[in-house]
Every structure is written in structure tokens, then in C-alpha cells.
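query-v9.txt follows; it contains compact mmCIF, C-alpha atoms.
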# COMPACT_ATOMS: atom_id res chain seq x y z
CA MET A 27 -101.08 -9.05 11.59
CA LYS A 28 -101.67 -11.74 8.99
CA ALA A 29 -98.85 -13.64 7.32
CA THR A 30 -98.80 -16.16 4.47
CA PHE A 31 -96.40 -19.09 4.28
CA GLU A 32 -95.97 -21.93 1.83
CA HIS A 33 -95.46 -25.55 2.85
CA HIS A 34 -95.11 -28.39 0.34
CA GLY A 35 -96.63 -26.22 -2.34
CA ILE A 36 -99.68 -25.22 -0.28
CA GLN A 37 -100.19 -21.66 0.94
CA TYR A 38 -101.44 -21.06 4.46
CA GLN A 39 -102.38 -17.98 6.44
CA VAL A 40 -101.78 -17.30 10.12
CA ASN A 41 -102.53 -14.31 12.30
CA LEU A 42 -99.28 -13.40 14.07
CA ALA A 43 -101.24 -11.17 16.44
CA GLU A 44 -102.92 -14.26 17.96
CA PRO A 45 -100.12 -16.41 19.42
CA ILE A 46 -100.93 -19.39 21.64
CA ASP A 47 -98.09 -19.75 24.13
CA ILE A 48 -97.88 -23.37 25.33
CA SER A 49 -94.87 -22.94 27.59
CA ILE A 50 -94.86 -22.82 31.38
CA ALA A 51 -93.06 -19.82 32.84
CA LEU A 52 -90.19 -20.43 35.27
CA THR A 53 -90.73 -18.99 38.76
CA ASN A 54 -89.05 -19.26 42.15
CA THR A 55 -92.34 -19.98 43.90
CA ASP A 56 -94.09 -23.15 44.99
CA GLU A 57 -96.30 -22.82 41.90
CA ASN A 58 -93.42 -23.89 39.65
CA PRO A 59 -93.76 -27.46 38.34
CA ILE A 60 -90.99 -29.80 39.46
CA ALA A 61 -89.74 -33.18 38.29
CA TRP A 62 -86.76 -35.41 38.92
CA TYR A 63 -86.50 -34.88 42.70
CA LEU A 64 -85.32 -31.27 42.54
CA GLU A 65 -86.16 -28.30 44.73
CA LYS A 66 -87.81 -25.24 43.20
CA PRO A 67 -85.71 -22.84 41.07
CA VAL A 68 -83.75 -20.08 42.74
CA ILE A 69 -84.00 -16.50 41.47
CA GLU A 70 -82.18 -14.07 43.74
CA PRO A 71 -80.20 -10.82 43.52
CA VAL A 72 -76.43 -10.82 43.31
CA ARG A 73 -74.74 -9.74 46.54
CA PHE A 74 -71.30 -8.14 46.90
CA GLY A 75 -70.78 -7.31 50.56
CA ASP A 76 -73.40 -4.68 51.44
CA TRP A 77 -74.39 -4.21 47.80
CA VAL A 78 -77.56 -6.05 46.71
CA GLY A 79 -78.66 -6.19 43.07
CA LYS A 80 -82.24 -5.19 43.81
CA VAL A 81 -83.61 -1.69 43.27
CA SER A 82 -86.21 -2.03 46.04
CA GLU A 83 -83.46 -2.61 48.61
CA GLY A 84 -81.88 0.74 47.79
CA SER A 85 -78.26 -0.20 47.05
CA SER A 86 -78.60 -0.80 43.30
CA SER A 87 -79.89 1.15 40.31
CA THR A 88 -80.75 -2.14 38.55
CA ASN A 89 -82.29 -5.51 39.29
CA PHE A 90 -79.46 -8.01 38.82
CA ASN A 91 -80.49 -11.60 39.52
CA ASN A 92 -78.79 -14.95 39.41
CA ILE A 93 -81.02 -17.85 38.32
CA LEU A 94 -80.39 -21.48 39.31
CA PHE A 95 -82.57 -24.03 37.54
CA ASN A 96 -82.53 -27.33 35.69
CA PRO A 97 -84.10 -27.31 32.22
CA HIS A 98 -85.28 -30.93 32.47
CA GLY A 99 -86.95 -30.60 35.85
CA HIS A 100 -88.20 -27.05 36.16
CA GLY A 101 -90.48 -26.36 33.22
CA THR A 102 -90.88 -26.33 29.46
CA HIS A 103 -87.70 -27.45 27.74
CA THR A 104 -86.52 -28.77 24.39
CA GLU A 105 -83.92 -31.52 24.18
CA CYS A 106 -81.89 -33.29 21.51
CA LEU A 107 -80.42 -36.78 21.37
CA GLY A 108 -77.47 -35.49 23.41
CA HIS A 109 -79.72 -36.00 26.41
CA ILE A 110 -79.03 -39.75 26.31
CA THR A 111 -75.65 -40.15 24.55
CA ARG A 112 -72.15 -40.61 25.93
CA ASP A 113 -70.75 -37.99 23.55
CA PHE A 114 -71.87 -34.38 23.82
CA TYR A 115 -74.45 -33.05 21.38
CA SER A 116 -76.02 -29.63 21.79
CA VAL A 117 -79.65 -28.77 21.19
CA HIS A 118 -78.46 -25.34 20.09
CA GLN A 119 -76.67 -27.02 17.17
CA ALA A 120 -79.48 -29.50 16.49
CA LEU A 121 -82.31 -27.00 16.04
CA LYS A 122 -81.54 -24.63 13.17
CA THR A 123 -85.03 -23.84 11.85
CA PHE A 124 -87.88 -22.79 14.10
CA PHE A 125 -91.19 -22.92 12.22
CA PHE A 126 -93.04 -26.18 11.58
CA VAL A 127 -96.51 -27.39 10.66
CA ALA A 128 -97.78 -29.13 13.78
CA GLU A 129 -100.76 -31.27 14.66
CA LEU A 130 -102.26 -30.79 18.11
CA VAL A 131 -103.83 -34.00 19.41
CA SER A 132 -105.51 -34.89 22.69
CA VAL A 133 -104.89 -38.35 24.13
CA ALA A 134 -106.21 -39.98 27.30
CA PRO A 135 -103.56 -42.37 28.67
CA ILE A 136 -104.87 -45.84 29.40
CA ALA A 137 -104.14 -48.18 32.30
CA GLN A 138 -101.52 -50.88 31.89
CA GLY A 139 -100.80 -52.56 35.20
CA GLU A 140 -99.78 -49.80 37.62
CA ASP A 141 -98.99 -47.40 34.78
CA LEU A 142 -100.86 -45.00 32.52
CA ILE A 143 -99.53 -45.30 28.98
CA ILE A 144 -99.99 -43.98 25.46
CA ASN A 145 -99.68 -46.65 22.77
CA ARG A 146 -99.30 -46.79 19.00
CA ALA A 147 -102.96 -47.47 18.29
CA GLN A 148 -104.01 -44.33 20.13
CA LEU A 149 -101.64 -42.16 18.10
CA GLU A 150 -102.69 -43.80 14.86
CA SER A 151 -106.28 -42.98 15.74
CA VAL A 152 -105.83 -39.32 16.67
CA LEU A 153 -103.44 -38.55 13.79
CA ASN A 154 -105.76 -40.33 11.35
CA GLY A 155 -103.26 -40.72 8.52
CA LYS A 156 -101.55 -37.34 8.95
CA SER A 157 -97.76 -37.14 9.08
CA PRO A 158 -96.93 -33.63 10.32
CA GLU A 159 -93.47 -32.24 10.99
CA ALA A 160 -94.39 -31.77 14.64
CA VAL A 161 -96.89 -33.36 17.01
CA VAL A 162 -98.15 -31.47 20.05
CA MET A 163 -99.66 -33.92 22.52
CA ARG A 164 -102.14 -32.85 25.19
CA THR A 165 -102.92 -35.59 27.72
CA LEU A 166 -106.34 -35.88 29.30
CA PRO A 167 -107.61 -34.91 31.76
CA ASN A 168 -106.04 -31.46 31.41
CA PRO A 169 -106.62 -29.34 34.53
CA GLU A 170 -104.93 -25.95 34.99
CA GLU A 171 -103.22 -27.44 38.04
CA LYS A 172 -100.99 -29.36 35.64
CA LYS A 173 -98.86 -26.21 35.43
CA GLN A 174 -97.90 -26.56 39.12
CA LEU A 175 -97.60 -30.34 39.51
CA LYS A 176 -94.82 -31.96 41.54
CA TYR A 177 -94.04 -35.05 39.47
CA SER A 178 -91.29 -36.67 41.51
CA ASN A 179 -92.13 -40.24 42.53
CA THR A 180 -95.66 -40.05 41.09
CA ASN A 181 -95.15 -42.37 38.08
CA PRO A 182 -96.65 -39.98 35.49
CA PRO A 183 -98.10 -41.28 32.20
CA TYR A 184 -95.62 -41.99 29.41
CA LEU A 185 -95.31 -43.23 25.81
CA LEU A 186 -94.72 -46.86 25.00
CA GLU A 187 -91.72 -47.52 22.77
CA GLU A 188 -94.11 -48.53 19.97
CA ALA A 189 -95.76 -45.09 20.08
CA ALA A 190 -92.46 -43.22 19.77
CA LEU A 191 -91.39 -45.58 16.99
CA TYR A 192 -94.62 -44.87 15.12
CA LEU A 193 -93.96 -41.12 15.27
CA ARG A 194 -90.49 -41.71 13.84
CA GLU A 195 -91.85 -43.97 11.11
CA ILE A 196 -94.29 -41.31 9.85
CA GLY A 197 -91.57 -38.65 9.83
CA VAL A 198 -92.43 -36.55 12.87
CA GLN A 199 -89.35 -34.45 13.62
CA HIS A 200 -90.47 -32.62 16.74
CA LEU A 201 -92.53 -34.07 19.57
CA LEU A 202 -94.05 -31.82 22.22
CA ILE A 203 -95.81 -33.27 25.25
CA ASP A 204 -97.26 -32.02 28.54
CA LEU A 205 -95.48 -34.64 30.65
CA PRO A 206 -92.05 -34.52 32.34
CA SER A 207 -90.78 -37.32 30.11
CA VAL A 208 -91.79 -39.49 27.19
CA ASP A 209 -90.45 -42.43 29.22
CA ARG A 210 -91.47 -44.06 32.48
CA GLU A 211 -90.15 -42.27 35.58
CA HIS A 212 -88.45 -45.39 36.96
CA ASP A 213 -87.41 -47.49 33.95
CA GLU A 214 -83.94 -48.74 34.96
CA GLY A 215 -82.35 -46.27 32.54
CA LYS A 216 -83.79 -47.96 29.44
CA LEU A 217 -85.24 -44.73 27.93
CA LEU A 218 -86.93 -46.77 25.24
CA SER A 219 -89.13 -44.00 23.83
CA HIS A 220 -86.31 -41.45 23.71
CA LYS A 221 -84.15 -43.97 21.86
CA ALA A 222 -86.95 -44.97 19.48
CA PHE A 223 -87.82 -41.40 18.54
CA TRP A 224 -84.20 -40.36 17.95
CA ASN A 225 -83.23 -43.72 16.44
CA VAL A 226 -80.41 -44.14 18.94
CA GLN A 227 -79.38 -47.78 18.96
CA ASN A 228 -76.27 -47.46 21.12
CA VAL A 229 -75.72 -44.49 23.42
CA HIS A 230 -71.97 -45.23 23.58
CA GLN A 231 -71.39 -45.31 19.82
CA LEU A 232 -74.00 -43.39 17.90
CA ASN A 233 -75.33 -44.99 14.72
CA ALA A 234 -74.97 -43.02 11.47
CA ASP A 235 -78.72 -42.68 10.94
CA ALA A 236 -79.52 -41.27 14.39
CA ARG A 237 -81.87 -38.27 14.18
CA HIS A 238 -79.63 -35.34 15.13
CA ASP A 239 -82.06 -32.66 13.95
CA CYS A 240 -85.11 -33.94 15.84
CA THR A 241 -86.24 -32.69 19.23
CA ILE A 242 -88.46 -33.59 22.15
CA THR A 243 -90.11 -30.81 24.14
CA GLU A 244 -91.54 -31.73 27.53
CA MET A 245 -93.65 -30.04 30.22
CA ILE A 246 -95.75 -27.88 27.93
CA PHE A 247 -99.32 -26.87 28.74
CA VAL A 248 -102.05 -26.52 26.11
CA PRO A 249 -105.22 -24.82 27.43
CA ASN A 250 -108.50 -26.67 26.95
CA SER A 251 -109.78 -23.72 24.91
CA VAL A 252 -107.33 -24.60 22.10
CA ALA A 253 -108.93 -27.06 19.69
CA ASP A 254 -107.16 -30.09 18.24
CA GLY A 255 -106.01 -29.53 14.67
CA SER A 256 -103.26 -28.07 12.51
CA TYR A 257 -101.13 -25.14 13.64
CA LEU A 258 -97.96 -23.30 12.73
CA LEU A 259 -95.45 -23.99 15.50
CA ASN A 260 -92.74 -21.50 16.38
CA LEU A 261 -90.32 -23.45 18.56
CA GLN A 262 -88.39 -20.74 20.40
CA MET A 263 -85.43 -21.70 22.55
CA ALA A 264 -82.71 -20.04 24.61
CA SER A 265 -79.20 -20.34 23.15
CA PHE A 266 -77.58 -22.81 25.51
CA GLU A 267 -74.82 -25.17 24.36
CA ASN A 268 -76.38 -28.02 26.30
CA ASP A 269 -78.37 -31.17 25.62
CA ALA A 270 -81.52 -29.22 26.56
CA SER A 271 -82.67 -25.63 26.80
CA PRO A 272 -85.65 -23.86 28.32
CA SER A 273 -88.04 -23.16 25.48
CA LYS A 274 -91.15 -21.25 24.48
CA PRO A 275 -93.22 -23.10 21.87
CA VAL A 276 -95.91 -20.90 20.35
CA LEU A 277 -98.80 -22.05 18.14
CA TYR A 278 -100.65 -20.07 15.46
CA GLN A 279 -103.94 -21.28 14.06
CA ILE A 280 -103.65 -22.11 10.36
CA LYS A 281 -106.16 -20.91 7.82
CA LEU A 282 -106.02 -22.17 4.23
Is it possible to express this structure as C-alpha cells?
Amino acid sequence: MKATFEHHGIQYQVNLAEPIDISIALTNTDENPIAWYLEKPVIEPVRFGDWVGKVSEGSSSTNFNNILFNPHGHGTHTECLGHITRDFYSVHQALKTFFFVAELVSVAPIAQGEDLIINRAQLESVLNGKSPEAVVMRTLPNPEEKKQLKYSNTNPPYLLEEAALYLREIGVQHLLIDLPSVDREHDEGKLLSHKAFWNVQNVHQLNADARHDCTITEMIFVPNSVADGSYLLNLQMASFENDASPSKPVLYQIKL
């Protein structure tokens, strides 16, 4: 099913029958990715005495599960600046439109001391003068095993503050990345890239020009078969009044 949309006076076509899902599904198995020192998610039937909310166990006509998970540590999630502020801000209130023109870029983090980092020059190179509404960042190498990684205490790659600042300077509103965080795992709570992207100067008293309507989506996975380039992004998200929500970003290839 083809659809036409207009963006900044230019008409584009996408095929809605060919979605590219770049989210990682939440499971209660050891295949679920994990970050931030958590155990795997729990998905289990409700129990009331002898009654079990599971059809296969015979006492229920429905499957009726409780789910215990953390959006930041258990898979693809979208977060707003409320993730780092003293006052509460909800991603459900921050994200009010859900379609954006996005640029998919592949970046190989480079060594800096004991770290692997992504810097401003790398982003300037791969974006090559473009200033899209959203940037989808695939880090290299990109094995399928990335969907099951256990990130805790592994010092994953991250963005330097200068890289996040560059994205803000060119007007990127939504950043999607296949890492558990845009910041270093152990950074003494500085969160420099989060702060730079959202323009948060003081987490205790938010500045007037902080970017309330901008989001960061972490722990995506973009298959190697998907080429770098421009896409229509549908940033789907569950309706949680929380700083972050599990999300399902979907790309559609753009045709002029």
C-alpha cells in the first residue's frame, strides 16, 4: 500500500506494506538484552489461590500475565529529558507527533583510551550536510547477537558530548541508537551527551530553552540488509506517564 506525504514542500512516497521494524522485542528468556545490572524481565500468569491465568494449565479461559520490566534496561525504549531532571516530565506528554524524516547512518566507534567513542567529526562525515528531524545510528560492527547482549559492566561505546551537541545544533529532534545509552556506562553521573542533546544546563532548575519535545531512543537494532539513507520514521510508543516508555520505531524507505 503506497502513501504520499509532503515535507517542507517536497512530496515523498513510501510503501506502508514494507515496514522495517528496528525495535527489539521484550521476552522473559535469556535472549533478552539487558543493561544497568538488572535481571531478565518477568512475564508470568496471575495467580489467585488455585487459579492460574494460563489456559494451558486448565484453570483459566484466558492467558492473563503480569509483566515486570524496566524500559531503560530491557530493550528498545524512548525517553525524554525527564530521564535526567529533578522535576517529573513524561515522555507521553513530550512526544505528540509520530512521523519524521530520518537519516539512517552507520558509524564505527573509535578507540579513545579504554573507551570506544563516537565524535563530532564522524557524525559530520556520515550526515554530509544533512539536517534531518531524526537520526538513526547503527554502530559497527553490527552482528545479530547485538539483540541479546548483556551490557552491564562492559563499557559499551557512547557519544562524546561534542557529538550530541552537533546533533542539537543542526536541529535533530529525535536520536535513535543501538546502544544502551548515549553516555558512558560509568561517568560519575555527568550524563554529558543526554544534557547536550536536550539542552539541559541544570537538572535541578530547568532552563527555559530546554528541548522538551525531543527524544532519545536506545537499544534499537537495524539489520545489515537495511541501507544507509533517508527513511520515514514512525516512532511508536506505549502510553506510559513516565520519563521513558518501551517503543517500536518503524522505518519506511522513501521514494521521491
Quick check, in Å to one decimal: how far apart do atom CA of A:Glu195 and atom CA of A:Gln231 lie?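 Value for the atom CA of A:Glu195-atom CA of A:Gln231 distance: 22.3 Å.
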Polymer residues at most 10 Å from A:His103, only C-alpha atoms, same-chain spacing of 4 or more positions, as a ChimeraX atom specification: /A:49-50,96-99,202,206,242-246,262-264,270-275
Of the candidates A:His34, A:His212, A:Lys122, A:Lys80, which shows the shortest atom-to-atom distance to A:Thr180, using all atoms listed in the file? A:His212
Interatomic distance, atom CA of A:Glu129 to atom CA of A:Val276 (Å, one decimal):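 That distance, rounded to one decimal, is 12.8 Å.
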Gap from atom CA of A:His220 to atom CA of A:Asn250 - Å, one decimal: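 If I compute the distance from atom CA of A:His220 to atom CA of A:Asn250, I get 26.9 Å.
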With all atoms listed in the file as the atoms that count, which of A:Cys106, A:Ala134, A:Leu64, A:Val161 lies nearest to A:Leu121?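 Comparing A:Cys106, A:Ala134, A:Leu64, A:Val161 against A:Leu121, the winner is A:Cys106.
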Determine, counting all atoms listed in the file, which protein, DNA and RNA residues have an atom within 12 Å of an atom of A:Lys221; residues of the same chain fewer than 2 positions away are not included. Present the result as a ChimeraX atom specification. /A:106-111,185-191,194,208-209,215-219,223-229,232-233,236-238,240-242
Using only the atoms of stretch 34-45 of chain A listed in the file, plus 4 Å on each side, state the axis-aligned box centre and edge lengths in Å rounded to one decimal, as lines of an AutoDock Vina configuration file.
center_x = -99.0
center_y = -19.8
center_z = 8.5
size_x = 15.8
size_y = 25.2
size_z = 29.8
Find the residue from A:Ser86, A:Gln174, A:Asn179, A:Asn260 that sits nearest to A:Ile46; use all atoms listed in the file when measuring.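 Residue with the minimum atom-to-atom distance to A:Ile46: A:Asn260.
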Looking at A:Glu171, A:Ser87, A:Ala29, A:Asn92, which one is nearest to A:Glu70, with distances taken over only C-alpha atoms? A:Asn92
What's around A:Pro182 at 8 Å? Count only C-alpha atoms, leave out sequence neighbours fewer than 2 positions away in its own chain, and write the answer as a list in words.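 The neighbour list is Asp141, Leu142, Tyr177, Thr180, Tyr184, Leu205, Pro206, Arg210 and Glu211 of chain A.
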How would the residues just chosen look if you wrote them out with C-alpha atoms as a PDB file, in the coordinates of the input?
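Once everything was written out, this is part-v9.pdb:
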ATOM      1  CA  ASP A 141     -98.990 -47.400  34.780  1.00  0.00           C
ATOM      2  CA  LEU A 142    -100.860 -45.000  32.520  1.00  0.00           C
ATOM      3  CA  TYR A 177     -94.040 -35.050  39.470  1.00  0.00           C
ATOM      4  CA  THR A 180     -95.660 -40.050  41.090  1.00  0.00           C
ATOM      5  CA  TYR A 184     -95.620 -41.990  29.410  1.00  0.00           C
ATOM      6  CA  LEU A 205     -95.480 -34.640  30.650  1.00  0.00           C
ATOM      7  CA  PRO A 206     -92.050 -34.520  32.340  1.00  0.00           C
ATOM      8  CA  ARG A 210     -91.470 -44.060  32.480  1.00  0.00           C
ATOM      9  CA  GLU A 211     -90.150 -42.270  35.580  1.00  0.00           C
TER      10      GLU A 211
END
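Using only C-alpha atoms, the nearest neighbour of A:Tyr115 within the list A:Leu277, A:His200, A:Asp239, A:Pro167 is A:Asp239.
Near A:Phe95, within 8 Å and counting all atoms listed in the file, sit Lys66, Pro67, Val68 and His100 of chain A, not including residues fewer than 3 positions from it in the same chain.
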Go through A:Ala120, A:Val40, A:Val81, A:Ala137 one by one, measure the shortest atom-to-atom distance of each to A:Met27 using all atoms listed in the file, and give the residue with the smallest value.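 Of all the options, A:Val40 lies closest to A:Met27.
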Could you list as an mmCIF file with C-alpha atoms, in the frame of the given file every residue that has an atom within 12 Å of (-101.8, -41.1, 8.3), using the file's coordinates and counting all atoms listed in the file?
data_model
loop_
_atom_site.group_PDB
_atom_site.id
_atom_site.type_symbol
_atom_site.label_atom_id
_atom_site.label_comp_id
_atom_site.auth_asym_id
_atom_site.auth_seq_id
_atom_site.Cartn_x
_atom_site.Cartn_y
_atom_site.Cartn_z
ATOM 1 C CA GLU A 129 -100.760 -31.270 14.660
ATOM 2 C CA ALA A 147 -102.960 -47.470 18.290
ATOM 3 C CA LEU A 149 -101.640 -42.160 18.100
ATOM 4 C CA GLU A 150 -102.690 -43.800 14.860
ATOM 5 C CA SER A 151 -106.280 -42.980 15.740
ATOM 6 C CA VAL A 152 -105.830 -39.320 16.670
ATOM 7 C CA LEU A 153 -103.440 -38.550 13.790
ATOM 8 C CA ASN A 154 -105.760 -40.330 11.350
ATOM 9 C CA GLY A 155 -103.260 -40.720 8.520
ATOM 10 C CA LYS A 156 -101.550 -37.340 8.950
ATOM 11 C CA SER A 157 -97.760 -37.140 9.080
ATOM 12 C CA PRO A 158 -96.930 -33.630 10.320
ATOM 13 C CA TYR A 192 -94.620 -44.870 15.120
ATOM 14 C CA LEU A 193 -93.960 -41.120 15.270
ATOM 15 C CA GLU A 195 -91.850 -43.970 11.110
ATOM 16 C CA ILE A 196 -94.290 -41.310 9.850
ATOM 17 C CA GLY A 197 -91.570 -38.650 9.830
ATOM 18 C CA VAL A 198 -92.430 -36.550 12.870
#
Could you pull the residues within 8 Å of A:Pro71, counting all atoms listed in the file, minus those fewer than 2 positions along the same chain, as a list of chain:residue names?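 So the residues in contact are A:Ile69, A:Arg73, A:Val78, A:Gly79, A:Lys80, A:Asn89, A:Phe90, A:Asn91, A:Asn92.
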Slice of the block: stretch 207-235 of chain A, N, CA, C and O atoms, as a compact mmCIF listing (two decimals), in the first residue's frame:
# COMPACT_ATOMS: atom_id res chain seq x y z
N SER A 207 22.98 3.38 25.99
CA SER A 207 22.98 4.77 26.42
C SER A 207 23.81 5.60 25.45
O SER A 207 24.76 5.09 24.85
N VAL A 208 23.48 6.88 25.35
CA VAL A 208 24.33 7.78 24.58
C VAL A 208 25.54 8.22 25.41
O VAL A 208 26.48 8.82 24.88
N ASP A 209 25.51 7.92 26.70
CA ASP A 209 26.62 8.29 27.59
C ASP A 209 27.40 7.08 28.04
O ASP A 209 26.95 5.93 27.94
N ARG A 210 28.58 7.35 28.57
CA ARG A 210 29.46 6.30 29.12
C ARG A 210 28.75 5.57 30.26
O ARG A 210 28.02 6.19 31.05
N GLU A 211 28.96 4.26 30.36
CA GLU A 211 28.30 3.48 31.40
C GLU A 211 28.64 4.00 32.80
O GLU A 211 27.75 4.24 33.62
N HIS A 212 29.91 4.17 33.08
CA HIS A 212 30.34 4.72 34.38
C HIS A 212 30.91 6.11 34.12
O HIS A 212 32.07 6.25 33.72
N ASP A 213 30.12 7.14 34.36
CA ASP A 213 30.55 8.51 34.04
C ASP A 213 30.36 9.46 35.22
O ASP A 213 30.31 10.67 35.04
N GLU A 214 30.22 8.89 36.43
CA GLU A 214 30.07 9.70 37.65
C GLU A 214 28.80 10.55 37.61
O GLU A 214 28.73 11.60 38.26
N GLY A 215 27.80 10.09 36.86
CA GLY A 215 26.53 10.81 36.81
C GLY A 215 26.55 12.09 35.99
O GLY A 215 25.62 12.89 36.09
N LYS A 216 27.57 12.28 35.18
CA LYS A 216 27.66 13.53 34.40
C LYS A 216 26.63 13.60 33.29
O LYS A 216 26.09 14.68 33.00
N LEU A 217 26.38 12.50 32.58
CA LEU A 217 25.37 12.42 31.52
C LEU A 217 25.53 13.56 30.52
O LEU A 217 24.56 14.23 30.13
N LEU A 218 26.74 13.77 30.07
CA LEU A 218 27.04 14.94 29.25
C LEU A 218 26.30 14.92 27.90
O LEU A 218 25.85 15.98 27.43
N SER A 219 26.18 13.76 27.28
CA SER A 219 25.53 13.72 25.97
C SER A 219 24.02 13.86 26.09
O SER A 219 23.38 14.51 25.26
N HIS A 220 23.42 13.25 27.12
CA HIS A 220 22.00 13.49 27.37
C HIS A 220 21.74 14.99 27.55
O HIS A 220 20.82 15.56 26.94
N LYS A 221 22.53 15.62 28.39
CA LYS A 221 22.33 17.05 28.68
C LYS A 221 22.55 17.90 27.44
O LYS A 221 21.80 18.85 27.18
N ALA A 222 23.56 17.57 26.65
CA ALA A 222 23.84 18.35 25.44
C ALA A 222 22.71 18.24 24.43
O ALA A 222 22.31 19.24 23.82
N PHE A 223 22.20 17.04 24.23
CA PHE A 223 21.15 16.85 23.24
C PHE A 223 19.86 17.56 23.65
O PHE A 223 19.20 18.21 22.83
N TRP A 224 19.50 17.45 24.93
CA TRP A 224 18.27 18.08 25.41
C TRP A 224 18.46 19.53 25.84
O TRP A 224 17.50 20.18 26.24
N ASN A 225 19.68 20.03 25.78
CA ASN A 225 19.98 21.38 26.23
C ASN A 225 19.54 21.58 27.68
O ASN A 225 18.88 22.57 28.02
N VAL A 226 19.91 20.65 28.51
CA VAL A 226 19.64 20.74 29.95
C VAL A 226 20.91 21.22 30.64
O VAL A 226 21.91 20.51 30.69
N GLN A 227 20.84 22.45 31.15
CA GLN A 227 22.02 23.05 31.78
C GLN A 227 22.07 22.80 33.28
O GLN A 227 23.14 22.79 33.89
N ASN A 228 20.90 22.61 33.88
CA ASN A 228 20.83 22.39 35.32
C ASN A 228 19.65 21.44 35.58
O ASN A 228 18.50 21.81 35.36
N VAL A 229 19.94 20.24 36.04
CA VAL A 229 18.87 19.25 36.23
C VAL A 229 17.95 19.62 37.40
O VAL A 229 16.85 19.08 37.52
N HIS A 230 18.38 20.52 38.25
CA HIS A 230 17.58 20.91 39.42
C HIS A 230 16.66 22.09 39.12
O HIS A 230 15.64 22.26 39.77
N GLN A 231 17.02 22.91 38.16
CA GLN A 231 16.18 24.03 37.75
C GLN A 231 16.30 24.17 36.24
O GLN A 231 17.26 24.74 35.72
N LEU A 232 15.31 23.65 35.55
CA LEU A 232 15.41 23.51 34.11
C LEU A 232 15.40 24.87 33.42
O LEU A 232 14.59 25.74 33.72
N ASN A 233 16.33 25.04 32.47
CA ASN A 233 16.39 26.28 31.71
C ASN A 233 15.23 26.38 30.73
O ASN A 233 14.67 25.37 30.26
N ALA A 234 14.83 27.61 30.39
CA ALA A 234 13.63 27.84 29.58
C ALA A 234 13.75 27.27 28.17
O ALA A 234 12.73 26.93 27.55
N ASP A 235 14.96 27.16 27.65
CA ASP A 235 15.13 26.68 26.28
C ASP A 235 15.51 25.19 26.21
O ASP A 235 16.00 24.73 25.19
